[in-house]
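K.L.:
Contents of model.pdb (PDB, N, CA and C atoms):
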ATOM      1  N   ARG I 259      13.871  -0.734 -14.880
ATOM      2  CA  ARG I 259      12.832  -0.274 -15.778
ATOM      3  C   ARG I 259      11.676  -1.266 -15.851
ATOM      4  N   LYS I 260      12.012  -2.537 -15.895
ATOM      5  CA  LYS I 260      10.980  -3.566 -15.969
ATOM      6  C   LYS I 260      10.107  -3.531 -14.712
ATOM      7  N   GLN I 261      10.750  -3.359 -13.548
ATOM      8  CA  GLN I 261      10.014  -3.333 -12.292
ATOM      9  C   GLN I 261       9.086  -2.118 -12.222
ATOM     10  N   MET I 262       9.551  -0.971 -12.694
ATOM     11  CA  MET I 262       8.708   0.226 -12.672
ATOM     12  C   MET I 262       7.507   0.052 -13.596
ATOM     13  N   ALA I 263       7.699  -0.585 -14.730
ATOM     14  CA  ALA I 263       6.583  -0.844 -15.644
ATOM     15  C   ALA I 263       5.561  -1.760 -14.974
ATOM     16  N   GLN I 264       6.044  -2.739 -14.232
ATOM     17  CA  GLN I 264       5.138  -3.645 -13.526
ATOM     18  C   GLN I 264       4.372  -2.911 -12.431
ATOM     19  N   ILE I 265       5.038  -2.019 -11.722
ATOM     20  CA  ILE I 265       4.369  -1.239 -10.680
ATOM     21  C   ILE I 265       3.299  -0.358 -11.299
ATOM     22  N   ARG I 266       3.626   0.264 -12.412
ATOM     23  CA  ARG I 266       2.628   1.096 -13.101
ATOM     24  C   ARG I 266       1.407   0.257 -13.490
ATOM     25  N   GLU I 267       1.655  -0.929 -14.008
ATOM     26  CA  GLU I 267       0.566  -1.797 -14.453
ATOM     27  C   GLU I 267      -0.268  -2.313 -13.280
ATOM     28  N   LEU I 268       0.388  -2.698 -12.197
ATOM     29  CA  LEU I 268      -0.308  -3.310 -11.068
ATOM     30  C   LEU I 268      -0.912  -2.318 -10.082
ATOM     31  N   VAL I 269      -0.353  -1.114  -9.997
ATOM     32  CA  VAL I 269      -0.816  -0.157  -8.995
ATOM     33  C   VAL I 269      -1.434   1.083  -9.626
ATOM     34  N   GLU I 270      -0.684   1.752 -10.487
ATOM     35  CA  GLU I 270      -1.180   3.007 -11.046
ATOM     36  C   GLU I 270      -2.406   2.819 -11.933
ATOM     37  N   LEU I 271      -2.381   1.838 -12.802
ATOM     38  CA  LEU I 271      -3.502   1.631 -13.723
ATOM     39  C   LEU I 271      -4.816   1.384 -12.977
ATOM     40  N   PRO I 272      -4.858   0.482 -11.990
ATOM     41  CA  PRO I 272      -6.117   0.287 -11.258
ATOM     42  C   PRO I 272      -6.575   1.524 -10.483
ATOM     43  N   LEU I 273      -5.634   2.319  -9.977
ATOM     44  CA  LEU I 273      -6.012   3.520  -9.230
ATOM     45  C   LEU I 273      -6.521   4.623 -10.152
ATOM     46  N   ARG I 274      -5.910   4.764 -11.297
ATOM     47  CA  ARG I 274      -6.296   5.832 -12.229
ATOM     48  C   ARG I 274      -7.494   5.470 -13.100
ATOM     49  N   HIS I 275      -7.615   4.196 -13.455
ATOM     50  CA  HIS I 275      -8.660   3.785 -14.398
ATOM     51  C   HIS I 275      -9.385   2.527 -13.921
ATOM     52  N   PRO I 276     -10.041   2.589 -12.763
ATOM     53  CA  PRO I 276     -10.720   1.389 -12.256
ATOM     54  C   PRO I 276     -11.822   0.892 -13.189
ATOM     55  N   GLN I 277     -12.386   1.805 -13.982
ATOM     56  CA  GLN I 277     -13.463   1.419 -14.895
ATOM     57  C   GLN I 277     -12.991   0.435 -15.961
ATOM     58  N   LEU I 278     -11.716   0.472 -16.317
ATOM     59  CA  LEU I 278     -11.185  -0.488 -17.289
ATOM     60  C   LEU I 278     -11.322  -1.913 -16.768
ATOM     61  N   PHE I 279     -11.030  -2.102 -15.506
ATOM     62  CA  PHE I 279     -11.115  -3.428 -14.903
ATOM     63  C   PHE I 279     -12.571  -3.860 -14.770
ATOM     64  N   LYS I 280     -13.427  -2.927 -14.336
ATOM     65  CA  LYS I 280     -14.849  -3.244 -14.180
ATOM     66  C   LYS I 280     -15.484  -3.610 -15.515
ATOM     67  N   SER I 281     -15.100  -2.893 -16.565
ATOM     68  CA  SER I 281     -15.724  -3.118 -17.875
ATOM     69  C   SER I 281     -15.443  -4.503 -18.446
ATOM     70  N   ILE I 282     -14.331  -5.109 -18.051
ATOM     71  CA  ILE I 282     -14.025  -6.450 -18.562
ATOM     72  C   ILE I 282     -14.214  -7.528 -17.488
ATOM     73  N   GLY I 283     -14.740  -7.120 -16.329
ATOM     74  CA  GLY I 283     -15.046  -8.079 -15.277
ATOM     75  C   GLY I 283     -13.848  -8.652 -14.559
ATOM     76  N   VAL I 284     -12.780  -7.872 -14.475
ATOM     77  CA  VAL I 284     -11.562  -8.323 -13.804
ATOM     78  C   VAL I 284     -11.373  -7.506 -12.529
ATOM     79  N   LYS I 285     -11.073  -8.197 -11.443
ATOM     80  CA  LYS I 285     -10.790  -7.490 -10.195
ATOM     81  C   LYS I 285      -9.351  -6.989 -10.229
ATOM     82  N   PRO I 286      -9.152  -5.700  -9.948
ATOM     83  CA  PRO I 286      -7.774  -5.184  -9.926
ATOM     84  C   PRO I 286      -7.009  -5.751  -8.737
ATOM     85  N   PRO I 287      -5.689  -5.793  -8.833
ATOM     86  CA  PRO I 287      -4.889  -6.295  -7.709
ATOM     87  C   PRO I 287      -5.122  -5.452  -6.464
ATOM     88  N   LYS I 288      -5.136  -6.104  -5.312
ATOM     89  CA  LYS I 288      -5.354  -5.407  -4.037
ATOM     90  C   LYS I 288      -4.059  -4.910  -3.425
ATOM     91  N   GLY I 289      -2.933  -5.475  -3.845
ATOM     92  CA  GLY I 289      -1.680  -5.053  -3.248
ATOM     93  C   GLY I 289      -0.486  -5.693  -3.919
ATOM     94  N   ILE I 290       0.655  -5.161  -3.587
ATOM     95  CA  ILE I 290       1.917  -5.712  -4.083
ATOM     96  C   ILE I 290       2.903  -5.751  -2.923
ATOM     97  N   LEU I 291       3.932  -6.536  -3.088
ATOM     98  CA  LEU I 291       4.987  -6.625  -2.084
ATOM     99  C   LEU I 291       6.265  -6.062  -2.683
ATOM    100  N   LEU I 292       6.770  -4.996  -2.070
ATOM    101  CA  LEU I 292       8.066  -4.439  -2.464
ATOM    102  C   LEU I 292       9.091  -4.981  -1.479
ATOM    103  N   TYR I 293      10.135  -5.579  -1.978
ATOM    104  CA  TYR I 293      11.153  -6.113  -1.085
ATOM    105  C   TYR I 293      12.535  -5.761  -1.611
ATOM    106  N   GLY I 294      13.473  -5.711  -0.702
ATOM    107  CA  GLY I 294      14.847  -5.403  -1.055
ATOM    108  C   GLY I 294      15.593  -4.930   0.174
ATOM    109  N   PRO I 295      16.892  -4.761   0.032
ATOM    110  CA  PRO I 295      17.691  -4.323   1.177
ATOM    111  C   PRO I 295      17.348  -2.886   1.584
ATOM    112  N   PRO I 296      17.662  -2.524   2.829
ATOM    113  CA  PRO I 296      17.426  -1.148   3.267
ATOM    114  C   PRO I 296      18.114  -0.157   2.328
ATOM    115  N   GLY I 297      17.417   0.929   2.047
ATOM    116  CA  GLY I 297      17.992   1.971   1.205
ATOM    117  C   GLY I 297      17.833   1.746  -0.285
ATOM    118  N   SER I 298      17.053   0.738  -0.674
ATOM    119  CA  SER I 298      16.905   0.457  -2.109
ATOM    120  C   SER I 298      15.769   1.242  -2.761
ATOM    121  N   GLY I 299      15.003   2.005  -1.979
ATOM    122  CA  GLY I 299      13.996   2.886  -2.559
ATOM    123  C   GLY I 299      12.561   2.398  -2.482
ATOM    124  N   LYS I 300      12.276   1.435  -1.646
ATOM    125  CA  LYS I 300      10.915   0.901  -1.547
ATOM    126  C   LYS I 300       9.927   1.979  -1.089
ATOM    127  N   THR I 301      10.265   2.683  -0.035
ATOM    128  CA  THR I 301       9.387   3.737   0.474
ATOM    129  C   THR I 301       9.249   4.849  -0.549
ATOM    130  N   LEU I 302      10.340   5.221  -1.176
ATOM    131  CA  LEU I 302      10.319   6.270  -2.193
ATOM    132  C   LEU I 302       9.390   5.898  -3.348
ATOM    133  N   ILE I 303       9.455   4.662  -3.794
ATOM    134  CA  ILE I 303       8.588   4.204  -4.886
ATOM    135  C   ILE I 303       7.124   4.275  -4.463
ATOM    136  N   ALA I 304       6.819   3.798  -3.263
ATOM    137  CA  ALA I 304       5.434   3.816  -2.786
ATOM    138  C   ALA I 304       4.908   5.243  -2.678
ATOM    139  N   ARG I 305       5.721   6.147  -2.144
ATOM    140  CA  ARG I 305       5.309   7.556  -2.039
ATOM    141  C   ARG I 305       5.130   8.190  -3.419
ATOM    142  N   ALA I 306       6.022   7.863  -4.339
ATOM    143  CA  ALA I 306       5.934   8.416  -5.694
ATOM    144  C   ALA I 306       4.668   7.945  -6.396
ATOM    145  N   VAL I 307       4.332   6.678  -6.241
ATOM    146  CA  VAL I 307       3.110   6.153  -6.856
ATOM    147  C   VAL I 307       1.885   6.840  -6.254
ATOM    148  N   ALA I 308       1.874   7.022  -4.946
ATOM    149  CA  ALA I 308       0.755   7.716  -4.302
ATOM    150  C   ALA I 308       0.640   9.140  -4.834
ATOM    151  N   ASN I 309       1.765   9.814  -4.960
ATOM    152  CA  ASN I 309       1.772  11.180  -5.476
ATOM    153  C   ASN I 309       1.289  11.226  -6.926
ATOM    154  N   GLU I 310       1.782  10.319  -7.749
ATOM    155  CA  GLU I 310       1.410  10.274  -9.173
ATOM    156  C   GLU I 310      -0.078  10.017  -9.371
ATOM    157  N   THR I 311      -0.656   9.202  -8.509
ATOM    158  CA  THR I 311      -2.052   8.798  -8.681
ATOM    159  C   THR I 311      -3.018   9.624  -7.841
ATOM    160  N   GLY I 312      -2.489  10.474  -6.975
ATOM    161  CA  GLY I 312      -3.348  11.259  -6.097
ATOM    162  C   GLY I 312      -3.941  10.432  -4.966
ATOM    163  N   ALA I 313      -3.328   9.296  -4.683
ATOM    164  CA  ALA I 313      -3.823   8.415  -3.626
ATOM    165  C   ALA I 313      -3.313   8.879  -2.266
ATOM    166  N   PHE I 314      -4.102   8.616  -1.240
ATOM    167  CA  PHE I 314      -3.714   8.886   0.140
ATOM    168  C   PHE I 314      -2.603   7.909   0.508
ATOM    169  N   PHE I 315      -1.511   8.407   1.077
ATOM    170  CA  PHE I 315      -0.388   7.549   1.459
ATOM    171  C   PHE I 315      -0.404   7.377   2.960
ATOM    172  N   PHE I 316      -0.484   6.145   3.385
ATOM    173  CA  PHE I 316      -0.534   5.834   4.806
ATOM    174  C   PHE I 316       0.619   4.907   5.126
ATOM    175  N   CYS I 317       1.571   5.380   5.919
ATOM    176  CA  CYS I 317       2.755   4.592   6.260
ATOM    177  C   CYS I 317       2.611   4.041   7.676
ATOM    178  N   ILE I 318       2.751   2.733   7.780
ATOM    179  CA  ILE I 318       2.684   2.061   9.070
ATOM    180  C   ILE I 318       4.064   1.495   9.363
ATOM    181  N   ASN I 319       4.612   1.853  10.512
ATOM    182  CA  ASN I 319       5.892   1.291  10.925
ATOM    183  C   ASN I 319       5.590   0.002  11.685
ATOM    184  N   GLY I 320       5.971  -1.128  11.112
ATOM    185  CA  GLY I 320       5.663  -2.431  11.681
ATOM    186  C   GLY I 320       5.887  -2.554  13.176
ATOM    187  N   PRO I 321       7.096  -2.282  13.669
ATOM    188  CA  PRO I 321       7.347  -2.435  15.108
ATOM    189  C   PRO I 321       6.496  -1.511  15.982
ATOM    190  N   GLU I 322       6.161  -0.326  15.496
ATOM    191  CA  GLU I 322       5.387   0.617  16.299
ATOM    192  C   GLU I 322       3.938   0.183  16.475
ATOM    193  N   ILE I 323       3.419  -0.608  15.561
ATOM    194  CA  ILE I 323       2.017  -1.017  15.644
ATOM    195  C   ILE I 323       1.812  -2.159  16.640
ATOM    196  N   MET I 324       2.907  -2.833  16.985
ATOM    197  CA  MET I 324       2.818  -3.970  17.903
ATOM    198  C   MET I 324       2.612  -3.489  19.341
ATOM    199  N   SER I 325       1.833  -4.273  20.087
ATOM    200  CA  SER I 325       1.551  -3.947  21.482
ATOM    201  C   SER I 325       1.613  -5.223  22.318
ATOM    202  N   LYS I 326       1.960  -5.063  23.573
ATOM    203  CA  LYS I 326       2.006  -6.212  24.480
ATOM    204  C   LYS I 326       0.609  -6.596  24.962
ATOM    205  N   LEU I 327      -0.336  -5.664  24.884
ATOM    206  CA  LEU I 327      -1.689  -5.926  25.364
ATOM    207  C   LEU I 327      -2.464  -6.759  24.351
ATOM    208  N   ALA I 328      -3.197  -7.730  24.838
ATOM    209  CA  ALA I 328      -3.956  -8.635  23.970
ATOM    210  C   ALA I 328      -4.966  -7.867  23.123
ATOM    211  N   GLY I 329      -4.908  -8.074  21.821
ATOM    212  CA  GLY I 329      -5.863  -7.474  20.900
ATOM    213  C   GLY I 329      -5.552  -6.056  20.465
ATOM    214  N   GLU I 330      -4.603  -5.398  21.120
ATOM    215  CA  GLU I 330      -4.322  -4.001  20.788
ATOM    216  C   GLU I 330      -3.602  -3.859  19.451
ATOM    217  N   SER I 331      -2.714  -4.775  19.134
ATOM    218  CA  SER I 331      -2.013  -4.721  17.843
ATOM    219  C   SER I 331      -3.011  -4.823  16.700
ATOM    220  N   GLU I 332      -3.950  -5.774  16.826
ATOM    221  CA  GLU I 332      -4.975  -5.955  15.807
ATOM    222  C   GLU I 332      -5.842  -4.711  15.683
ATOM    223  N   SER I 333      -6.190  -4.129  16.828
ATOM    224  CA  SER I 333      -7.004  -2.918  16.846
ATOM    225  C   SER I 333      -6.277  -1.765  16.161
ATOM    226  N   ASN I 334      -4.989  -1.616  16.449
ATOM    227  CA  ASN I 334      -4.192  -0.556  15.822
ATOM    228  C   ASN I 334      -4.154  -0.725  14.309
ATOM    229  N   LEU I 335      -3.962  -1.941  13.867
ATOM    230  CA  LEU I 335      -3.900  -2.218  12.433
ATOM    231  C   LEU I 335      -5.262  -1.988  11.782
ATOM    232  N   ARG I 336      -6.325  -2.423  12.441
ATOM    233  CA  ARG I 336      -7.675  -2.222  11.923
ATOM    234  C   ARG I 336      -7.971  -0.731  11.758
ATOM    235  N   LYS I 337      -7.594   0.072  12.753
ATOM    236  CA  LYS I 337      -7.811   1.523  12.686
ATOM    237  C   LYS I 337      -7.063   2.133  11.506
ATOM    238  N   ALA I 338      -5.850   1.675  11.279
ATOM    239  CA  ALA I 338      -5.059   2.193  10.163
ATOM    240  C   ALA I 338      -5.748   1.886   8.834
ATOM    241  N   PHE I 339      -6.255   0.672   8.689
ATOM    242  CA  PHE I 339      -6.934   0.301   7.448
ATOM    243  C   PHE I 339      -8.263   1.043   7.297
ATOM    244  N   GLU I 340      -8.969   1.277   8.397
ATOM    245  CA  GLU I 340     -10.213   2.050   8.339
ATOM    246  C   GLU I 340      -9.935   3.480   7.894
ATOM    247  N   GLU I 341      -8.861   4.064   8.411
ATOM    248  CA  GLU I 341      -8.473   5.424   8.018
ATOM    249  C   GLU I 341      -8.139   5.475   6.531
ATOM    250  N   ALA I 342      -7.404   4.488   6.070
ATOM    251  CA  ALA I 342      -7.058   4.431   4.649
ATOM    252  C   ALA I 342      -8.313   4.265   3.800
ATOM    253  N   GLU I 343      -9.265   3.462   4.267
ATOM    254  CA  GLU I 343     -10.503   3.249   3.515
ATOM    255  C   GLU I 343     -11.318   4.536   3.427
ATOM    256  N   LYS I 344     -11.341   5.311   4.509
ATOM    257  CA  LYS I 344     -12.051   6.595   4.508
ATOM    258  C   LYS I 344     -11.450   7.555   3.489
ATOM    259  N   ASN I 345     -10.157   7.443   3.262
ATOM    260  CA  ASN I 345      -9.442   8.351   2.364
ATOM    261  C   ASN I 345      -9.142   7.715   1.008
ATOM    262  N   ALA I 346      -9.913   6.709   0.641
ATOM    263  CA  ALA I 346      -9.670   5.989  -0.622
ATOM    264  C   ALA I 346      -9.739   6.935  -1.815
ATOM    265  N   PRO I 347      -8.943   6.672  -2.841
ATOM    266  CA  PRO I 347      -8.010   5.561  -2.962
ATOM    267  C   PRO I 347      -6.774   5.793  -2.086
ATOM    268  N   SER I 348      -6.260   4.719  -1.560
ATOM    269  CA  SER I 348      -5.139   4.796  -0.629
ATOM    270  C   SER I 348      -4.062   3.783  -0.954
ATOM    271  N   ILE I 349      -2.863   4.137  -0.547
ATOM    272  CA  ILE I 349      -1.744   3.203  -0.578
ATOM    273  C   ILE I 349      -1.289   3.045   0.861
ATOM    274  N   ILE I 350      -1.345   1.814   1.345
ATOM    275  CA  ILE I 350      -0.894   1.512   2.701
ATOM    276  C   ILE I 350       0.487   0.886   2.581
ATOM    277  N   PHE I 351       1.458   1.518   3.190
ATOM    278  CA  PHE I 351       2.834   1.032   3.146
ATOM    279  C   PHE I 351       3.210   0.566   4.543
ATOM    280  N   ILE I 352       3.465  -0.726   4.690
ATOM    281  CA  ILE I 352       3.870  -1.265   5.991
ATOM    282  C   ILE I 352       5.377  -1.465   5.954
ATOM    283  N   ASP I 353       6.074  -0.579   6.646
ATOM    284  CA  ASP I 353       7.535  -0.606   6.662
ATOM    285  C   ASP I 353       8.016  -1.587   7.725
ATOM    286  N   GLU I 354       9.102  -2.260   7.438
ATOM    287  CA  GLU I 354       9.730  -3.200   8.368
ATOM    288  C   GLU I 354       8.751  -4.271   8.839
ATOM    289  N   ILE I 355       7.936  -4.775   7.918
ATOM    290  CA  ILE I 355       6.946  -5.795   8.274
ATOM    291  C   ILE I 355       7.620  -7.074   8.762
ATOM    292  N   ASP I 356       8.838  -7.297   8.325
ATOM    293  CA  ASP I 356       9.557  -8.509   8.735
ATOM    294  C   ASP I 356       9.888  -8.521  10.228
ATOM    295  N   SER I 357       9.808  -7.381  10.886
ATOM    296  CA  SER I 357      10.127  -7.324  12.310
ATOM    297  C   SER I 357       8.905  -7.577  13.192
ATOM    298  N   ILE I 358       7.764  -7.768  12.569
ATOM    299  CA  ILE I 358       6.539  -8.030  13.343
ATOM    300  C   ILE I 358       6.517  -9.482  13.761
TER     301      ILE I 358
END
Write out the structure in this file as structure tokens.
P.N.:
Amino acid sequence: RKQMAQIRELVELPLRHPQLFKSIGVKPPKGILLYGPPGSGKTLIARAVANETGAFFFCINGPEIMSKLAGESESNLRKAFEEAEKNAPSIIFIDEIDSI
């Protein structure tokens, strides 16, 4: 329960009410790190928050974005972030980032 309240405060509030942060001169958080063992609900939480806030959900599979060609991994990641920016507000979920 405590963790869900923190997620609501750090993610949902800035997405739903960005004017609150602007009015007091505070920059909203740009991201959070969800961690835990496989099957603990990290992806489910991220998707639920996107659904609740009406944000575009963009899932990146860490190993799939990697490339053997020089600069291609960076290009793939840049394209993903550009797509998310076009569809703002967005939640970018990078799954299995530890395998990169």
K.L.:
As a check of understanding, name the residues that the PyMOL selection byres (((chain I and resi 319 and name CA) around 10) and name CA) selects in the supplied structure, as a compact mmCIF listing (two decimals) with N, CA and C atoms, in the frame of the given file.
P.N.:
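Now in result02.txt:
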# COMPACT_ATOMS: atom_id res chain seq x y z
N PHE I 316 -0.48 6.14 3.38
CA PHE I 316 -0.53 5.83 4.81
C PHE I 316 0.62 4.91 5.13
N CYS I 317 1.57 5.38 5.92
CA CYS I 317 2.76 4.59 6.26
C CYS I 317 2.61 4.04 7.68
N ILE I 318 2.75 2.73 7.78
CA ILE I 318 2.68 2.06 9.07
C ILE I 318 4.06 1.50 9.36
N GLY I 320 5.97 -1.13 11.11
CA GLY I 320 5.66 -2.43 11.68
C GLY I 320 5.89 -2.55 13.18
N PRO I 321 7.10 -2.28 13.67
CA PRO I 321 7.35 -2.44 15.11
C PRO I 321 6.50 -1.51 15.98
N GLU I 322 6.16 -0.33 15.50
CA GLU I 322 5.39 0.62 16.30
C GLU I 322 3.94 0.18 16.48
N ILE I 323 3.42 -0.61 15.56
CA ILE I 323 2.02 -1.02 15.64
C ILE I 323 1.81 -2.16 16.64
N MET I 324 2.91 -2.83 16.98
CA MET I 324 2.82 -3.97 17.90
C MET I 324 2.61 -3.49 19.34
N PHE I 351 1.46 1.52 3.19
CA PHE I 351 2.83 1.03 3.15
C PHE I 351 3.21 0.57 4.54
N ILE I 352 3.46 -0.73 4.69
CA ILE I 352 3.87 -1.26 5.99
C ILE I 352 5.38 -1.46 5.95
N ASP I 353 6.07 -0.58 6.65
CA ASP I 353 7.54 -0.61 6.66
C ASP I 353 8.02 -1.59 7.72
N GLU I 354 9.10 -2.26 7.44
CA GLU I 354 9.73 -3.20 8.37
C GLU I 354 8.75 -4.27 8.84
N ILE I 355 7.94 -4.78 7.92
CA ILE I 355 6.95 -5.80 8.27
C ILE I 355 7.62 -7.07 8.76
N SER I 357 9.81 -7.38 10.89
CA SER I 357 10.13 -7.32 12.31
C SER I 357 8.90 -7.58 13.19
N ILE I 358 7.76 -7.77 12.57
CA ILE I 358 6.54 -8.03 13.34
C ILE I 358 6.52 -9.48 13.76
K.L.:
What is the distance, in Å and to one decimal place, between CA of Phe315 (chain I) and CA of Gly289 (chain I)?
P.N.:
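Result for CA of Phe315 (chain I) versus CA of Gly289 (chain I): 13.5 Å, one decimal.
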K.L.:
Give the padded box for region 325-338 of chain I as AutoDock Vina command-line options: axis-aligned, covering all atoms listed in the file, 6 Å on each side, centre and edge lengths in Å to one decimal.
P.N.:
--center_x -3.0 --center_y -3.2 --center_z 17.1 --size_x 22.0 --size_y 22.8 --size_z 28.5
K.L.:
Restricting the calculation to only C-alpha atoms: of I:Ala263, I:Leu291, I:Ala338, I:Ile349, which residue gets closest to Ala313 (chain I)?
P.N.:
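Ranked by minimum distance to Ala313 (chain I), first place goes to I:Ile349.
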K.L.:
Find the distance between atom N of Ser348 (chain I) and CA of Leu273 (chain I) and write it in Å to one decimal.
P.N.:
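That distance, rounded to one decimal, is 7.8 Å.
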K.L.:
Could you tell me how far CA of Lys288 (chain I) sits from CA of Glu341 (chain I), in Å to one decimal place?
P.N.:
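Distance reported for this atom pair: 16.5 Å.
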